[in-house]
file entry_28.csv (CSV, C-alpha atoms)
chain,number,residue,atom,x,y,z
R,9,MET,CA,96.3,85.1,67.5
R,10,MET,CA,99.9,86.2,67.5
R,11,HIS,CA,101.3,88.6,70.1
R,12,THR,CA,104.4,90.6,69.8
R,13,ALA,CA,107.0,89.6,72.5
R,14,VAL,CA,108.5,92.6,74.2
R,15,GLY,CA,111.6,92.3,76.4
R,16,TRP,CA,113.0,94.6,78.9
R,17,HIS,CA,116.7,94.6,79.9
R,18,VAL,CA,117.5,95.8,83.3
R,19,GLU,CA,121.1,96.9,84.0
R,20,MET,CA,122.5,96.9,87.5
R,21,GLU,CA,125.8,98.6,88.6
R,22,PHE,CA,127.3,98.5,92.0
R,23,SER,CA,129.9,100.6,93.8
R,24,GLU,CA,131.3,99.6,97.2
R,25,ASP,CA,133.7,100.7,99.9
R,26,GLU,CA,134.4,99.0,103.3
R,27,THR,CA,130.9,99.8,104.8
R,28,HIS,CA,128.6,100.9,102.0
R,29,THR,CA,127.2,99.4,98.8
R,30,ARG,CA,125.4,101.5,96.3
R,31,ALA,CA,123.3,100.1,93.4
R,32,VAL,CA,121.9,101.8,90.3
R,33,ALA,CA,119.2,100.0,88.3
R,34,LEU,CA,118.3,101.1,84.8
R,35,VAL,CA,115.6,99.8,82.4
R,36,ARG,CA,115.2,101.0,78.8
R,37,LEU,CA,111.6,100.7,77.7
R,38,PRO,CA,110.4,100.0,74.1
R,39,ASP,CA,109.2,103.6,73.7
R,40,GLY,CA,112.8,104.8,74.2
R,41,SER,CA,112.4,106.1,77.7
R,42,GLU,CA,114.6,105.1,80.5
R,43,VAL,CA,113.8,104.7,84.2
R,44,ARG,CA,116.7,104.8,86.7
R,45,ALA,CA,116.7,104.1,90.4
R,46,HIS,CA,119.2,103.9,93.3
R,47,GLY,CA,119.6,101.6,96.3
R,48,HIS,CA,122.0,101.4,99.1
R,49,ALA,CA,123.2,99.1,101.9
R,50,SER,CA,125.4,99.8,105.0
R,51,ARG,CA,127.4,97.2,106.8
R,52,HIS,CA,127.3,97.3,110.6
R,53,HIS,CA,130.8,97.5,112.0
R,54,THR,CA,130.3,94.1,113.8
R,55,ASP,CA,129.2,92.3,110.7
R,56,SER,CA,131.7,90.4,108.6
R,57,HIS,CA,132.7,91.7,105.2
R,58,GLN,CA,130.3,90.0,102.7
R,59,PRO,CA,130.1,92.1,99.5
R,60,ARG,CA,127.6,89.8,97.8
R,61,VAL,CA,125.1,90.4,100.7
R,62,GLY,CA,125.5,94.2,100.3
R,63,GLU,CA,124.9,93.9,96.6
R,64,GLU,CA,121.8,91.9,97.2
R,65,ILE,CA,120.3,94.4,99.6
R,66,ALA,CA,121.3,97.5,97.6
R,67,GLY,CA,120.1,95.8,94.4
R,68,ALA,CA,116.8,94.8,95.9
R,69,ARG,CA,116.2,98.4,97.1
R,70,ALA,CA,117.1,99.8,93.7
R,71,LEU,CA,114.7,97.4,92.0
R,72,ASN,CA,112.0,98.2,94.4
R,73,GLU,CA,112.4,101.9,93.7
R,74,LEU,CA,112.4,101.1,90.0
R,75,ALA,CA,109.1,99.2,90.4
R,76,MET,CA,107.5,102.2,92.2
R,77,GLN,CA,108.7,104.6,89.4
R,78,LEU,CA,107.3,102.3,86.7
R,79,LEU,CA,103.9,102.2,88.6
R,80,THR,CA,103.9,106.0,88.8
R,81,LYS,CA,104.8,106.3,85.1
R,82,ALA,CA,101.9,103.9,84.3
R,83,HIS,CA,99.5,105.9,86.3
R,84,GLY,CA,100.4,109.1,84.4
R,85,GLU,CA,99.9,107.3,81.1
R,86,ILE,CA,96.6,105.9,82.2
R,87,ASP,CA,95.4,109.4,83.3
R,88,SER,CA,96.6,111.1,80.1
R,89,ALA,CA,94.9,108.5,77.9
R,90,SER,CA,91.6,108.5,79.9
R,91,GLY,CA,91.4,112.1,80.9
R,92,ARG,CA,90.7,111.2,84.5
R,93,THR,CA,92.5,110.2,87.6
R,94,SER,CA,93.1,106.4,87.8
R,95,HIS,CA,92.6,104.2,90.8
R,96,PRO,CA,95.8,103.5,92.7
R,97,ILE,CA,97.7,100.4,91.6
R,98,HIS,CA,98.6,98.5,94.8
R,99,VAL,CA,101.7,96.3,95.1
call {"tool": "encode", "arguments": {"input": "entry_28.csv", "output": "C-alpha coordinates"}}
result
Amino acid sequence: MMHTAVGWHVEMEFSEDETHTRAVALVRLPDGSEVRAHGHASRHHTDSHQPRVGEEIAGARALNELAMQLLTKAHGEIDSASGRTSHPIHV
(Lines of atoms letter the chains of each structure in order from A and count residues from 1; the text may use other names and numbers.)
(Lines give C-alpha, C1' and ligand atoms only; values in the text may rest on other atoms or scores of the structure.)
Protein backbone atom coordinates (compact mmCIF):
# COMPACT_ATOMS: atom_id res chain seq x y z
CA MET A 1 0.00 0.00 0.00
CA MET A 2 1.39 3.41 -0.99
CA HIS A 3 1.18 6.37 1.33
CA THR A 4 1.57 9.98 0.30
CA ALA A 5 4.57 11.61 1.93
CA VAL A 6 3.84 14.99 3.43
CA GLY A 7 6.56 17.40 4.45
CA TRP A 8 6.35 20.39 6.71
CA HIS A 9 8.88 23.18 6.49
CA VAL A 10 9.47 25.19 9.63
CA GLU A 11 11.03 28.63 9.28
CA MET A 12 12.85 30.28 12.16
CA GLU A 13 13.90 33.92 12.35
CA PHE A 14 15.88 35.56 15.12
CA SER A 15 16.46 39.13 16.25
CA GLU A 16 18.97 40.05 18.93
CA ASP A 17 20.34 42.93 20.91
CA GLU A 18 22.96 42.86 23.68
CA THR A 19 20.73 41.10 26.22
CA HIS A 20 17.68 39.70 24.41
CA THR A 21 17.04 37.18 21.67
CA ARG A 22 13.66 36.79 20.04
CA ALA A 23 12.62 33.93 17.78
CA VAL A 24 9.67 33.46 15.47
CA ALA A 25 8.74 29.99 14.23
CA LEU A 26 6.40 29.49 11.29
CA VAL A 27 5.05 26.30 9.76
CA ARG A 28 2.93 26.20 6.60
CA LEU A 29 0.60 23.21 6.61
CA PRO A 30 -0.55 21.28 3.53
CA ASP A 31 -4.08 22.72 3.91
CA GLY A 32 -2.66 26.22 3.34
CA SER A 33 -2.92 27.35 6.94
CA GLU A 34 0.02 28.78 8.85
CA VAL A 35 0.88 28.52 12.52
CA ARG A 36 3.28 31.08 14.01
CA ALA A 37 4.81 31.20 17.48
CA HIS A 38 7.29 33.35 19.38
CA GLY A 39 10.02 32.64 21.90
CA HIS A 40 12.53 34.75 23.77
CA ALA A 41 15.68 34.53 25.85
CA SER A 42 17.36 37.06 28.11
CA ARG A 43 21.04 37.11 28.94
CA HIS A 44 21.94 37.78 32.56
CA HIS A 45 24.40 40.67 32.84
CA THR A 46 27.05 38.40 34.38
CA ASP A 47 26.87 35.85 31.51
CA SER A 48 29.25 36.06 28.57
CA HIS A 49 27.86 37.13 25.20
CA GLN A 50 26.97 33.87 23.37
CA PRO A 51 24.40 34.62 20.64
CA ARG A 52 24.08 30.94 19.64
CA VAL A 53 22.93 29.99 23.14
CA GLY A 54 20.29 32.73 23.09
CA GLU A 55 19.10 31.49 19.70
CA GLU A 56 18.86 27.92 20.98
CA ILE A 57 16.81 28.95 24.02
CA ALA A 58 14.54 31.37 22.16
CA GLY A 59 14.16 28.89 19.28
CA ALA A 60 13.28 26.03 21.61
CA ARG A 61 10.65 28.18 23.32
CA ALA A 62 9.16 29.20 19.97
CA LEU A 63 9.05 25.58 18.80
CA ASN A 64 7.45 24.50 22.08
CA GLU A 65 4.75 27.14 21.63
CA LEU A 66 4.31 26.04 18.01
CA ALA A 67 3.79 22.46 19.20
CA MET A 68 1.13 23.55 21.70
CA GLN A 69 -0.71 25.55 19.03
CA LEU A 70 -0.66 22.54 16.69
CA LEU A 71 -2.12 20.35 19.45
CA THR A 72 -4.88 22.91 20.05
CA LYS A 73 -5.58 23.06 16.31
CA ALA A 74 -5.75 19.26 16.13
CA HIS A 75 -8.20 19.18 19.05
CA GLY A 76 -10.46 21.65 17.29
CA GLU A 77 -10.42 19.59 14.11
CA ILE A 78 -11.14 16.36 16.00
CA ASP A 79 -14.03 18.02 17.83
CA SER A 80 -15.47 19.49 14.63
CA ALA A 81 -15.31 16.17 12.78
CA SER A 82 -16.70 14.07 15.63
CA GLY A 83 -19.25 16.51 17.06
CA ARG A 84 -17.99 15.93 20.58
CA THR A 85 -15.23 17.11 22.89
CA SER A 86 -12.05 15.08 22.42
CA HIS A 87 -9.85 13.76 25.20
CA PRO A 88 -6.81 15.88 25.98
CA ILE A 89 -3.69 15.13 24.00
CA HIS A 90 -0.85 14.98 26.52
CA VAL A 91 2.72 15.86 25.63
call {"tool": "atom_distance", "arguments": {"input": "entry_28.csv", "atom1": "CA of His52 (chain R)", "atom2": "CA of Glu64 (chain R)"}}
result
15.5 Å
call {"tool": "closest_residue", "arguments": {"input": "entry_28.csv", "among": "R:Met9, R:Ala45, R:Val61, R:Leu71", "to": "Thr27 (chain R)", "atoms": "all atoms listed in the file"}}
result
R:Val61
call {"tool": "atom_distance", "arguments": {"input": "entry_28.csv", "atom1": "CA of Phe22 (chain R)", "atom2": "CA of Thr54 (chain R)"}}
result
22.4 Å
call {"tool": "closest_residue", "arguments": {"input": "entry_28.csv", "among": "R:Ser23, R:Gln77, R:Ser94, R:Ser88", "to": "Glu42 (chain R)", "atoms": "all atoms listed in the file"}}
result
R:Gln77
call {"tool": "closest_atom_pairs", "arguments": {"input": "entry_28.csv", "of": "region 42-66 of chain R", "to": "region 13-21 of chain R", "cutoff": "10 Å", "atoms": "only C-alpha atoms", "output": "tab-separated table"}}
result
residue	atom	partner	partner_atom	distance
R:Val43	CA	R:Val18	CA	9.7
R:Arg44	CA	R:Glu19	CA	9.4
R:Ala45	CA	R:Met20	CA	9.7
R:His46	CA	R:Met20	CA	9.7
R:Glu63	CA	R:Glu21	CA	9.3
call {"tool": "residues_around", "arguments": {"input": "entry_28.csv", "residues": "Glu26 (chain R)", "least_positions_apart": "6", "cutoff": "12 Å", "atoms": "only C-alpha atoms", "output": "list in words"}}
result
Ala49, Ser50, Arg51, His52, His53, Asp55, Ser56, His57, Gln58, Pro59 and Gly62 of chain R
call {"tool": "closest_residue", "arguments": {"input": "entry_28.csv", "among": "R:Pro96, R:Gly67, R:Gly91, R:Gly84", "to": "Gly47 (chain R)", "atoms": "all atoms listed in the file"}}
result
R:Gly67
call {"tool": "closest_residue", "arguments": {"input": "entry_28.csv", "among": "R:Thr29, R:His95, R:Thr12, R:Glu24", "to": "Ile65 (chain R)", "atoms": "only C-alpha atoms"}}
result
R:Thr29
call {"tool": "atom_distance", "arguments": {"input": "entry_28.csv", "atom1": "CA of Ile97 (chain R)", "atom2": "CA of Ala31 (chain R)"}}
result
25.7 Å
call {"tool": "decode", "arguments": {"input": "entry_28.csv", "residues": "region 68-81 of chain R", "atoms": "N, CA, C and O atoms", "output": "PDB file, in the first residue's frame"}}
result
ATOM      1  N   ALA R  68      13.954  27.141  20.936  1.00  0.00           N
ATOM      2  CA  ALA R  68      13.277  26.027  21.606  1.00  0.00           C
ATOM      3  C   ALA R  68      11.942  26.474  22.191  1.00  0.00           C
ATOM      4  O   ALA R  68      10.936  25.765  22.087  1.00  0.00           O
ATOM      5  N   ARG R  69      11.910  27.663  22.755  1.00  0.00           N
ATOM      6  CA  ARG R  69      10.654  28.177  23.321  1.00  0.00           C
ATOM      7  C   ARG R  69       9.624  28.447  22.227  1.00  0.00           C
ATOM      8  O   ARG R  69       8.432  28.182  22.404  1.00  0.00           O
ATOM      9  N   ALA R  70      10.073  28.964  21.087  1.00  0.00           N
ATOM     10  CA  ALA R  70       9.155  29.205  19.971  1.00  0.00           C
ATOM     11  C   ALA R  70       8.617  27.876  19.427  1.00  0.00           C
ATOM     12  O   ALA R  70       7.427  27.753  19.134  1.00  0.00           O
ATOM     13  N   LEU R  71       9.492  26.879  19.296  1.00  0.00           N
ATOM     14  CA  LEU R  71       9.047  25.576  18.797  1.00  0.00           C
ATOM     15  C   LEU R  71       8.106  24.890  19.778  1.00  0.00           C
ATOM     16  O   LEU R  71       7.142  24.230  19.363  1.00  0.00           O
ATOM     17  N   ASN R  72       8.352  25.061  21.076  1.00  0.00           N
ATOM     18  CA  ASN R  72       7.448  24.505  22.079  1.00  0.00           C
ATOM     19  C   ASN R  72       6.059  25.140  21.955  1.00  0.00           C
ATOM     20  O   ASN R  72       5.040  24.449  21.998  1.00  0.00           O
ATOM     21  N   GLU R  73       6.030  26.450  21.809  1.00  0.00           N
ATOM     22  CA  GLU R  73       4.754  27.145  21.635  1.00  0.00           C
ATOM     23  C   GLU R  73       4.071  26.705  20.336  1.00  0.00           C
ATOM     24  O   GLU R  73       2.862  26.522  20.288  1.00  0.00           O
ATOM     25  N   LEU R  74       4.852  26.521  19.289  1.00  0.00           N
ATOM     26  CA  LEU R  74       4.314  26.043  18.011  1.00  0.00           C
ATOM     27  C   LEU R  74       3.667  24.672  18.196  1.00  0.00           C
ATOM     28  O   LEU R  74       2.560  24.424  17.713  1.00  0.00           O
ATOM     29  N   ALA R  75       4.329  23.789  18.932  1.00  0.00           N
ATOM     30  CA  ALA R  75       3.791  22.456  19.197  1.00  0.00           C
ATOM     31  C   ALA R  75       2.458  22.544  19.944  1.00  0.00           C
ATOM     32  O   ALA R  75       1.497  21.834  19.598  1.00  0.00           O
ATOM     33  N   MET R  76       2.374  23.411  20.934  1.00  0.00           N
ATOM     34  CA  MET R  76       1.132  23.550  21.695  1.00  0.00           C
ATOM     35  C   MET R  76       0.005  24.087  20.818  1.00  0.00           C
ATOM     36  O   MET R  76      -1.139  23.645  20.921  1.00  0.00           O
ATOM     37  N   GLN R  77       0.313  25.025  19.935  1.00  0.00           N
ATOM     38  CA  GLN R  77      -0.706  25.550  19.029  1.00  0.00           C
ATOM     39  C   GLN R  77      -1.185  24.476  18.061  1.00  0.00           C
ATOM     40  O   GLN R  77      -2.374  24.400  17.743  1.00  0.00           O
ATOM     41  N   LEU R  78      -0.269  23.628  17.588  1.00  0.00           N
ATOM     42  CA  LEU R  78      -0.663  22.544  16.686  1.00  0.00           C
ATOM     43  C   LEU R  78      -1.550  21.531  17.405  1.00  0.00           C
ATOM     44  O   LEU R  78      -2.508  21.013  16.820  1.00  0.00           O
ATOM     45  N   LEU R  79      -1.254  21.238  18.673  1.00  0.00           N
ATOM     46  CA  LEU R  79      -2.119  20.346  19.447  1.00  0.00           C
ATOM     47  C   LEU R  79      -3.513  20.942  19.617  1.00  0.00           C
ATOM     48  O   LEU R  79      -4.519  20.242  19.479  1.00  0.00           O
ATOM     49  N   THR R  80      -3.585  22.228  19.899  1.00  0.00           N
ATOM     50  CA  THR R  80      -4.876  22.905  20.046  1.00  0.00           C
ATOM     51  C   THR R  80      -5.651  22.870  18.734  1.00  0.00           C
ATOM     52  O   THR R  80      -6.857  22.610  18.711  1.00  0.00           O
ATOM     53  N   LYS R  81      -4.952  23.109  17.634  1.00  0.00           N
ATOM     54  CA  LYS R  81      -5.578  23.060  16.309  1.00  0.00           C
ATOM     55  C   LYS R  81      -6.117  21.657  16.027  1.00  0.00           C
ATOM     56  O   LYS R  81      -7.247  21.495  15.546  1.00  0.00           O
TER      57      LYS R  81
END
